[in-house]
>>> print(open('structure.txt').read())   # compact mmCIF, C-alpha atoms and all ligand atoms
# COMPACT_ATOMS: atom_id res chain seq x y z
CA MET A 79 -3.30 -6.74 37.28
CA THR A 80 -3.52 -2.96 37.03
CA THR A 81 -5.81 -1.43 34.51
CA THR A 82 -5.52 2.02 33.11
CA ASN A 83 -8.09 4.26 31.53
CA ALA A 84 -5.46 6.01 29.43
CA PRO A 85 -6.77 6.49 25.90
CA LEU A 86 -5.23 4.30 23.22
CA PRO A 87 -2.76 6.21 21.06
CA THR A 88 -4.20 7.60 17.86
CA TYR A 89 -2.17 8.08 14.74
CA GLN A 90 -2.08 10.84 12.19
CA ALA A 91 -0.96 10.66 8.58
CA LYS A 92 2.40 12.22 9.52
CA ASP A 93 3.15 9.33 11.89
CA TYR A 94 3.49 7.00 8.91
CA LYS A 95 5.87 9.29 7.00
CA SER A 96 9.53 8.30 7.28
CA GLU A 97 12.46 10.70 7.32
CA LEU A 98 13.59 9.57 3.87
CA LYS A 99 12.94 12.22 1.23
CA PRO A 100 11.34 10.77 -1.92
CA ILE A 101 13.61 10.93 -4.96
CA TRP A 102 10.83 10.56 -7.53
CA CYS A 103 10.76 13.04 -10.44
CA PRO A 104 8.83 16.22 -9.61
CA GLY A 105 5.19 15.61 -10.58
CA CYS A 106 5.37 11.79 -10.40
CA GLY A 107 1.99 10.30 -9.49
CA ASP A 108 3.60 8.19 -6.77
CA PHE A 109 3.87 11.28 -4.53
CA GLY A 110 0.07 11.36 -4.35
CA VAL A 111 -0.17 7.61 -3.80
CA VAL A 112 2.12 7.61 -0.77
CA GLN A 113 0.13 10.52 0.72
CA ALA A 114 -3.08 8.56 0.22
CA ILE A 115 -1.46 5.55 1.92
CA TYR A 116 -0.50 7.71 4.95
CA ARG A 117 -4.10 8.90 5.20
CA ALA A 118 -5.53 5.40 4.87
CA LEU A 119 -3.17 4.06 7.55
CA ALA A 120 -4.10 6.90 9.91
CA ALA A 121 -7.78 6.03 9.42
CA ILE A 122 -7.02 2.37 10.22
CA GLY A 123 -4.95 3.43 13.24
CA ARG A 124 -2.57 0.46 13.55
CA PRO A 125 0.82 1.47 15.01
CA PRO A 126 3.63 1.51 12.40
CA HIS A 127 5.47 -1.35 14.11
CA GLU A 128 2.50 -3.63 13.46
CA ILE A 129 2.65 -3.06 9.71
CA ALA A 130 4.86 -4.92 7.22
CA PHE A 131 5.18 -3.24 3.84
CA VAL A 132 6.71 -5.28 1.01
CA SER A 133 7.62 -4.16 -2.51
CA GLY A 134 9.51 -5.41 -5.53
CA ILE A 135 11.80 -3.20 -7.60
CA GLY A 136 10.82 -0.04 -9.46
CA CYS A 137 10.21 3.65 -8.79
CA SER A 138 6.89 2.77 -7.12
CA SER A 139 8.55 0.01 -5.11
CA ARG A 140 10.34 2.71 -3.11
CA ILE A 141 7.11 3.38 -1.23
CA PRO A 142 7.76 1.19 1.85
CA GLY A 143 10.93 3.21 2.53
CA TYR A 144 8.89 6.39 2.72
CA THR A 145 6.72 4.96 5.48
CA THR A 146 7.51 4.19 9.11
CA ALA A 147 6.21 0.63 8.73
CA TYR A 148 8.62 -2.29 8.61
CA GLY A 149 9.67 -2.33 4.96
CA PHE A 150 11.18 -4.81 2.57
CA ASN A 151 12.20 -3.45 -0.87
CA SER A 152 12.71 -6.98 -2.13
CA VAL A 153 13.28 -8.57 -5.55
CA HIS A 154 11.71 -7.55 -8.85
CA GLY A 155 8.36 -9.34 -9.20
CA ARG A 156 8.59 -11.29 -5.94
CA ALA A 157 6.83 -9.03 -3.45
CA LEU A 158 3.62 -11.08 -3.33
CA PRO A 159 5.14 -14.45 -2.31
CA ILE A 160 7.20 -12.70 0.37
CA ALA A 161 4.18 -10.84 1.70
CA GLN A 162 2.09 -14.02 1.80
CA GLY A 163 4.83 -15.76 3.76
CA ILE A 164 4.96 -12.90 6.25
CA LYS A 165 1.20 -12.96 6.76
CA VAL A 166 1.05 -16.73 7.20
CA ALA A 167 3.93 -16.67 9.70
CA SER A 168 2.75 -13.55 11.55
CA PRO A 169 -1.05 -13.29 11.26
CA GLU A 170 -1.17 -10.36 13.66
CA LEU A 171 0.65 -8.05 11.23
CA LEU A 172 -1.09 -5.79 8.75
CA VAL A 173 0.63 -6.66 5.48
CA LEU A 174 0.75 -4.31 2.50
CA VAL A 175 2.35 -4.78 -0.90
CA ALA A 176 3.23 -2.06 -3.41
CA GLY A 177 4.82 -2.07 -6.83
CA GLY A 178 4.60 -1.16 -10.47
CA ASP A 179 2.67 -2.66 -13.36
CA GLY A 180 5.91 -4.16 -14.67
CA ASP A 181 6.75 -5.65 -11.30
CA GLY A 182 3.24 -7.04 -10.85
CA PHE A 183 2.07 -8.03 -14.33
CA SER A 184 5.29 -8.77 -16.21
CA ILE A 185 7.98 -10.52 -14.18
CA GLY A 186 5.65 -11.09 -11.23
CA GLY A 187 2.52 -11.80 -13.27
CA GLY A 188 2.39 -15.48 -12.38
CA HIS A 189 2.25 -14.70 -8.68
CA VAL A 190 -0.84 -12.50 -8.88
CA ALA A 191 -3.18 -15.35 -9.84
CA HIS A 192 -1.97 -17.48 -6.93
CA ALA A 193 -2.10 -14.63 -4.44
CA VAL A 194 -5.74 -14.14 -5.45
CA ARG A 195 -6.71 -17.80 -5.10
CA ARG A 196 -4.75 -18.29 -1.83
CA ASN A 197 -6.67 -15.37 -0.39
CA THR A 198 -4.13 -14.35 2.23
CA ASP A 199 -5.32 -11.22 4.03
CA ILE A 200 -2.96 -8.73 2.35
CA THR A 201 -3.51 -5.57 0.32
CA TYR A 202 -1.80 -5.20 -3.05
CA ILE A 203 -1.44 -1.65 -4.42
CA VAL A 204 -0.18 -1.41 -8.00
CA MET A 205 1.02 1.91 -9.34
CA ASP A 206 -0.02 1.41 -12.92
CA ASN A 207 1.90 4.01 -14.96
CA GLN A 208 1.88 1.89 -18.13
CA ILE A 209 5.68 2.07 -18.46
CA TYR A 210 8.91 0.84 -16.86
CA GLY A 211 9.86 4.02 -15.00
CA LEU A 212 12.97 3.03 -13.06
CA THR A 213 14.75 1.54 -16.09
CA LYS A 214 13.94 4.62 -18.19
CA GLY A 215 10.89 4.06 -20.28
CA GLN A 216 10.56 0.59 -21.79
CA LEU A 217 7.19 -0.94 -22.73
CA SER A 218 5.32 -2.43 -19.79
CA PRO A 219 2.52 -5.03 -19.84
CA THR A 220 -0.10 -2.30 -19.44
CA SER A 221 1.33 0.06 -22.07
CA PRO A 222 -1.43 0.89 -24.55
CA LYS A 223 -1.12 -0.57 -28.05
CA GLY A 224 0.62 1.91 -30.31
CA LEU A 225 2.64 3.57 -27.51
CA HIS A 226 6.03 4.88 -28.65
CA THR A 227 8.77 4.03 -26.19
CA VAL A 228 12.50 3.31 -26.28
CA THR A 229 11.64 -0.35 -26.96
CA SER A 230 8.78 0.33 -29.38
CA GLU A 231 10.04 3.11 -31.60
CA TYR A 232 7.27 2.51 -34.17
CA GLY A 233 4.57 2.00 -31.57
CA SER A 234 3.71 -1.04 -29.42
CA LEU A 235 2.22 -3.95 -31.38
CA GLU A 236 0.83 -5.71 -28.30
CA GLU A 237 -2.53 -5.50 -26.58
CA ALA A 238 -2.25 -4.23 -23.00
CA VAL A 239 -2.82 -6.49 -20.02
CA ASN A 240 -5.97 -5.44 -18.14
CA PRO A 241 -5.06 -5.68 -14.41
CA LEU A 242 -8.65 -5.22 -13.22
CA LEU A 243 -10.06 -7.94 -15.42
CA TYR A 244 -7.09 -10.18 -14.65
CA VAL A 245 -7.70 -10.26 -10.90
CA LEU A 246 -11.48 -10.38 -11.28
CA ALA A 247 -11.18 -13.36 -13.62
CA TYR A 248 -9.10 -15.20 -11.03
CA GLY A 249 -11.80 -14.60 -8.45
CA ALA A 250 -10.47 -11.62 -6.46
CA ASN A 251 -12.88 -10.62 -3.71
CA PHE A 252 -11.96 -6.93 -3.50
CA VAL A 253 -10.96 -4.90 -6.55
CA ALA A 254 -10.74 -1.11 -6.74
CA GLN A 255 -9.11 1.65 -8.74
CA GLY A 256 -7.95 5.15 -7.89
CA THR A 257 -5.84 8.04 -9.12
CA PRO A 258 -3.76 10.64 -7.32
CA ALA A 259 -5.96 13.17 -9.15
CA ASP A 260 -8.55 12.29 -6.48
CA MET A 261 -6.54 11.94 -3.27
CA ALA A 262 -9.53 11.64 -0.96
CA GLY A 263 -11.08 8.93 -3.14
CA LEU A 264 -7.78 7.09 -3.39
CA ALA A 265 -7.24 7.14 0.38
CA GLU A 266 -10.80 5.86 0.80
CA VAL A 267 -10.36 2.86 -1.52
CA ILE A 268 -6.99 1.97 0.04
CA GLU A 269 -8.57 2.09 3.49
CA ALA A 270 -11.48 -0.07 2.33
CA ALA A 271 -9.03 -2.54 0.75
CA ILE A 272 -7.05 -2.82 3.99
CA ARG A 273 -10.22 -3.34 6.01
CA PHE A 274 -11.40 -6.11 3.68
CA PRO A 275 -10.74 -9.54 5.20
CA GLY A 276 -8.78 -11.29 2.44
CA PHE A 277 -6.67 -10.49 -0.60
CA SER A 278 -7.51 -7.01 -1.85
CA PHE A 279 -6.30 -5.28 -4.98
CA VAL A 280 -6.08 -1.56 -5.75
CA ASN A 281 -4.97 -0.46 -9.20
CA VAL A 282 -3.74 3.12 -9.09
CA GLN A 283 -3.44 5.10 -12.30
CA SER A 284 -0.23 6.82 -11.17
CA PRO A 285 1.30 8.77 -14.06
CA CYS A 286 4.99 8.68 -14.95
CA VAL A 287 5.61 12.29 -16.01
CA THR A 288 9.08 11.54 -17.37
CA PHE A 289 8.58 8.47 -19.59
CA GLY A 290 4.78 8.15 -19.74
CA GLU A 291 2.42 9.02 -22.56
CA ASP A 292 2.55 12.73 -21.64
CA ASP A 293 3.05 14.88 -18.56
CA GLN A 294 -0.57 16.05 -18.38
CA GLN A 295 -2.11 12.80 -17.20
CA VAL A 296 -3.12 13.94 -13.71
CA LYS A 297 -4.91 16.92 -15.28
CA ASN A 298 -6.58 14.57 -17.78
CA HIS A 299 -7.62 12.20 -14.99
CA ARG A 300 -9.26 15.09 -13.16
CA ALA A 301 -11.24 15.98 -16.26
CA THR A 302 -12.29 12.47 -17.28
CA MET A 303 -12.52 10.26 -14.16
CA GLN A 304 -15.90 8.76 -13.34
CA SER A 305 -16.81 7.65 -9.85
CA LEU A 306 -18.32 4.15 -9.88
CA ALA A 307 -20.49 5.07 -6.90
CA LYS A 308 -21.91 8.08 -8.76
CA LEU A 309 -22.56 5.88 -11.81
CA GLY A 310 -24.73 3.74 -9.53
CA HIS A 311 -22.53 0.65 -9.88
CA ASP A 312 -23.38 -2.17 -7.47
CA PRO A 313 -19.99 -3.34 -6.09
CA THR A 314 -21.44 -6.70 -5.03
CA ASP A 315 -22.10 -7.64 -8.68
CA ARG A 316 -19.00 -9.40 -10.07
CA LEU A 317 -20.31 -9.58 -13.64
CA ALA A 318 -21.16 -5.88 -13.68
CA ALA A 319 -17.67 -5.21 -12.30
CA MET A 320 -16.16 -7.26 -15.12
CA GLY A 321 -18.21 -5.34 -17.65
CA LEU A 322 -16.90 -2.04 -16.32
CA ALA A 323 -13.34 -3.39 -16.02
CA GLN A 324 -13.40 -4.05 -19.78
CA LYS A 325 -13.33 -0.27 -20.25
CA TYR A 326 -9.82 -0.21 -18.73
CA GLY A 327 -7.57 1.95 -20.92
CA LYS A 328 -10.57 3.67 -22.53
CA GLU A 329 -12.40 5.13 -19.53
CA LEU A 330 -11.10 5.94 -16.06
CA HIS A 331 -13.38 4.52 -13.40
CA THR A 332 -12.57 5.18 -9.77
CA GLY A 333 -13.84 3.44 -6.64
CA VAL A 334 -14.74 -0.14 -5.82
CA PHE A 335 -15.40 -2.44 -8.78
CA TYR A 336 -16.08 -5.52 -6.68
CA LYS A 337 -16.39 -6.32 -2.99
CA ASN A 338 -17.60 -9.79 -2.11
CA PRO A 339 -20.47 -9.30 0.39
CA ASP A 340 -19.77 -12.77 1.80
CA PRO A 341 -15.96 -13.03 1.94
CA PRO A 342 -14.61 -16.59 1.98
CA PRO A 343 -12.24 -17.68 4.78
CA THR A 344 -8.70 -16.35 4.48
CA MET A 345 -5.64 -18.57 4.17
CA ASN A 346 -4.77 -17.90 7.82
CA ALA A 347 -8.26 -18.93 8.96
CA LEU A 348 -8.03 -22.16 6.94
CA ILE A 349 -4.59 -22.96 8.36
CA LYS A 350 -5.86 -22.39 11.90
CA GLU A 351 -8.85 -24.63 11.28
CA ARG A 352 -6.64 -27.38 9.80
CA GLN A 353 -4.19 -27.17 12.70
CA GLN A 354 -7.05 -27.56 15.15
CA VAL A 355 -8.43 -30.64 13.36
CA LEU A 356 -4.97 -32.19 13.12
CA SER A 357 -4.16 -31.54 16.76
CA GLU A 358 -7.43 -33.20 17.80
CA LYS A 359 -6.80 -36.24 15.59
CA ALA A 360 -3.08 -36.49 16.24
CA PRO A 361 -1.98 -39.23 18.63
CA PRO A 362 -0.18 -38.04 21.75
CA ARG A 363 3.49 -37.36 21.16
CA SER A 364 4.54 -40.17 23.49
CA ARG A 365 2.75 -42.72 21.25
CA ILE A 366 4.62 -41.46 18.20
CA PHE A 367 7.94 -41.83 20.02
CA ASP A 368 6.95 -45.34 21.19
CA ARG A 369 6.41 -46.39 17.59
CA PHE A 370 9.94 -45.36 16.66
CA LEU A 371 11.38 -47.04 19.73
CA GLN A 372 9.70 -50.34 18.82
CA THR A 373 11.26 -50.49 15.34
C1 LIG B 401 15.21 -9.84 -12.09
C2 LIG B 401 15.23 -8.45 -12.57
N1 LIG B 401 14.93 -8.18 -13.86
C3 LIG B 401 14.94 -6.90 -14.31
C4 LIG B 401 15.25 -5.88 -13.45
C5 LIG B 401 15.28 -4.48 -13.99
N2 LIG B 401 14.12 -3.70 -13.60
C6 LIG B 401 14.12 -2.99 -12.45
S1 LIG B 401 12.70 -2.15 -12.22
C7 LIG B 401 12.06 -2.74 -13.69
C8 LIG B 401 10.69 -2.36 -14.17
C9 LIG B 401 10.13 -1.18 -13.49
O1 LIG B 401 8.82 -0.93 -13.95
P1 LIG B 401 7.57 -1.05 -13.00
O2 LIG B 401 7.58 -2.32 -12.27
O3 LIG B 401 6.36 -0.81 -13.83
O4 LIG B 401 7.79 0.10 -11.91
P2 LIG B 401 7.98 1.68 -12.06
O5 LIG B 401 9.45 1.91 -12.05
O6 LIG B 401 7.35 2.10 -13.35
O7 LIG B 401 7.30 2.23 -10.88
C10 LIG B 401 12.96 -3.59 -14.32
C11 LIG B 401 12.71 -4.27 -15.62
C12 LIG B 401 15.53 -6.20 -12.10
N3 LIG B 401 15.80 -5.25 -11.20
N4 LIG B 401 15.53 -7.48 -11.71
S1 LIG B 402 10.66 7.88 -13.87
FE1 LIG B 402 8.44 8.08 -13.89
S2 LIG B 402 7.69 6.63 -12.33
FE2 LIG B 402 9.90 6.99 -11.98
S3 LIG B 402 9.99 8.66 -10.47
FE3 LIG B 402 10.13 9.56 -12.51
S4 LIG B 402 8.01 10.09 -13.03
FE4 LIG B 402 7.92 8.63 -11.36
>>> encode(input="structure.txt", output="structure tokens")
Amino acid sequence: MTTTNAPLPTYQAKDYKSELKPIWCPGCGDFGVVQAIYRALAAIGRPPHEIAFVSGIGCSSRIPGYTTAYGFNSVHGRALPIAQGIKVASPELLVLVAGGDGDGFSIGGGHVAHAVRRNTDITYIVMDNQIYGLTKGQLSPTSPKGLHTVTSEYGSLEEAVNPLLYVLAYGANFVAQGTPADMAGLAEVIEAAIRFPGFSFVNVQSPCVTFGEDDQQVKNHRATMQSLAKLGHDPTDRLAAMGLAQKYGKELHTGVFYKNPDPPPTMNALIKERQQVLSEKAPPRSRIFDRFLQT
């Protein structure tokens, strides 16, 4: 066998950018999110062909197409089950999931709880713009109460879903939030989420400038965001994380809410363990065939 001392290839953010030109509205927060994803992937350094990027349907679900990873712009609300299947079948792949708050917490809401408890090693990035962008501005599950939209002319009557509290309550082991108003911070939390061994969740406050509350949200984020690290939050304290997550919709916290210091085994690790036990206990194949031949 010949060995070579050639350095391993390194990747830059531009290596993850596809030739497709984004068709988002000028000023859409998703432009910043995809840039942060390129940066995070460059920091991780996995070649694009070792990455599978799954999304549902929505403006934000276009993201996989703007990367050089293998992409699957799948079915509205069904990105998580597809991504889990990919990871279980191909453990060697880095599997990412992206989508909107409607995709994730309305039609796909039931899948989030099970993705959390199955703990497959995938990273779920939600672009939470509090509206249905692609279908032109209907109420979404995270729309704030009172929001005027095409489907709530007199203001929404419903309380918003809190995505941070939702995943924390189901036992998520890595939960973070970012905004394109802080690109470096967003890239950092996405990178940390990818590096975390298990299901990781990043909620991104990614404004919809066309149908959202107003078109000044990125500016407002810059003025009001509070870094959890600077606040002295201990990200290993789940209850403290839940306390801070309750401020969702009122205060904009960025950074890691919760990171389990002792991550439980992932679904792939459990499957491997089970397969090993079964293969040790299983009778030789010839004995199984003999049993059928006797009957
Ligand atoms: C089964 C199904 N139901 C409804 C739709 C219509 N639809 C497409 S995207 C979308 C919601 C988009 O909002 P969100 O997921 O928040 O993403 P955004 O466009 O805001 O990024 C809906 C209702 C669909 N494509 N498929
Ligand atoms: S409609 Fe909203 S979410 Fe969709 S591309 Fe335009 S600004 Fe972005």
>>> axis_aligned_box(input="structure.txt", around="region 330-337 of chain A", padding_each_side="6 Å", output="AutoDock Vina command-line options")
--center_x -13.7 --center_y -0.2 --center_z -9.5 --size_x 17.3 --size_y 24.3 --size_z 25.1
>>> residues_near_ligand(input="structure.txt", ligand="ligand LIG 401 (chain B)", cutoff="8 Å", atoms="only C-alpha atoms and all ligand atoms", output="JSON, numbers by chain")
{"A": [134, 135, 136, 137, 138, 139, 153, 154, 155, 177, 178, 179, 180, 181, 182, 184, 185, 205, 206, 207, 208, 209, 210, 211, 212, 213, 218, 286]}
>>> residues_around(input="structure.txt", residues="Phe277 (chain A)", least_positions_apart="2", cutoff="9 Å", atoms="all atoms listed in the file", output="list in words")
Ala193, Val194, Arg195, Arg196, Asn197, Thr198, Asp199, Ile200, Thr201, Tyr202, Ala250, Asn251, Phe252, Ala271, Ile272, Phe274, Pro275, Phe279 and Thr344 of chain A
>>> closest_residue(input="structure.txt", among="A:Ile366, A:Ile349, A:Ile101, A:Ala262", to="Ala118 (chain A)", atoms="only C-alpha atoms")
A:Ala262
>>> closest_residue(input="structure.txt", among="A:Ala161, A:Leu371, A:Leu330, A:Val287", to="ligand LIG 402 (chain B)", atoms="only C-alpha atoms and all ligand atoms")
A:Val287
>>> closest_residue(input="structure.txt", among="A:Ala319, A:Val296, A:Ala191, A:Val173", to="ligand LIG 402 (chain B)", atoms="all atoms listed in the file")
A:Val296
>>> atom_distance(input="structure.txt", atom1="CA of Pro100 (chain A)", atom2="CA of Pro219 (chain A)")
25.5 Å
>>> atom_distance(input="structure.txt", atom1="CA of Arg117 (chain A)", atom2="CA of Glu97 (chain A)")
16.8 Å
>>> residues_around(input="structure.txt", residues="Lys223 (chain A)", least_positions_apart="5", cutoff="9 Å", atoms="only C-alpha atoms", output="ChimeraX atom specification")
/A:233-238
>>> residues_around(input="structure.txt", residues="region 304-318 of chain A", least_positions_apart="5", cutoff="12 Å", atoms="only C-alpha atoms", output="ChimeraX atom specification")
/A:242-243,245-257,259-260,263-264,267,298-299,323-325,328-341
>>> atom_distance(input="structure.txt", atom1="CA of Arg156 (chain A)", atom2="CA of Leu98 (chain A)")
23.6 Å
>>> residues_around(input="structure.txt", residues="Thr88 (chain A)", least_positions_apart="4", cutoff="12 Å", atoms="all atoms listed in the file", output="list in words")
Ala84, Lys92, Asp93, Tyr94, Leu119, Ala120, Ala121, Ile122, Gly123, Arg124, Pro125 and Pro126 of chain A
>>> closest_residue(input="structure.txt", among="A:His226, A:His127, A:Arg300, A:Lys214", to="ligand LIG 402 (chain B)", atoms="all atoms listed in the file")
A:Lys214
>>> closest_residue(input="structure.txt", among="A:Phe150, A:Trp102, A:Tyr244, A:Phe183", to="ligand LIG 402 (chain B)", atoms="all atoms listed in the file")
A:Trp102
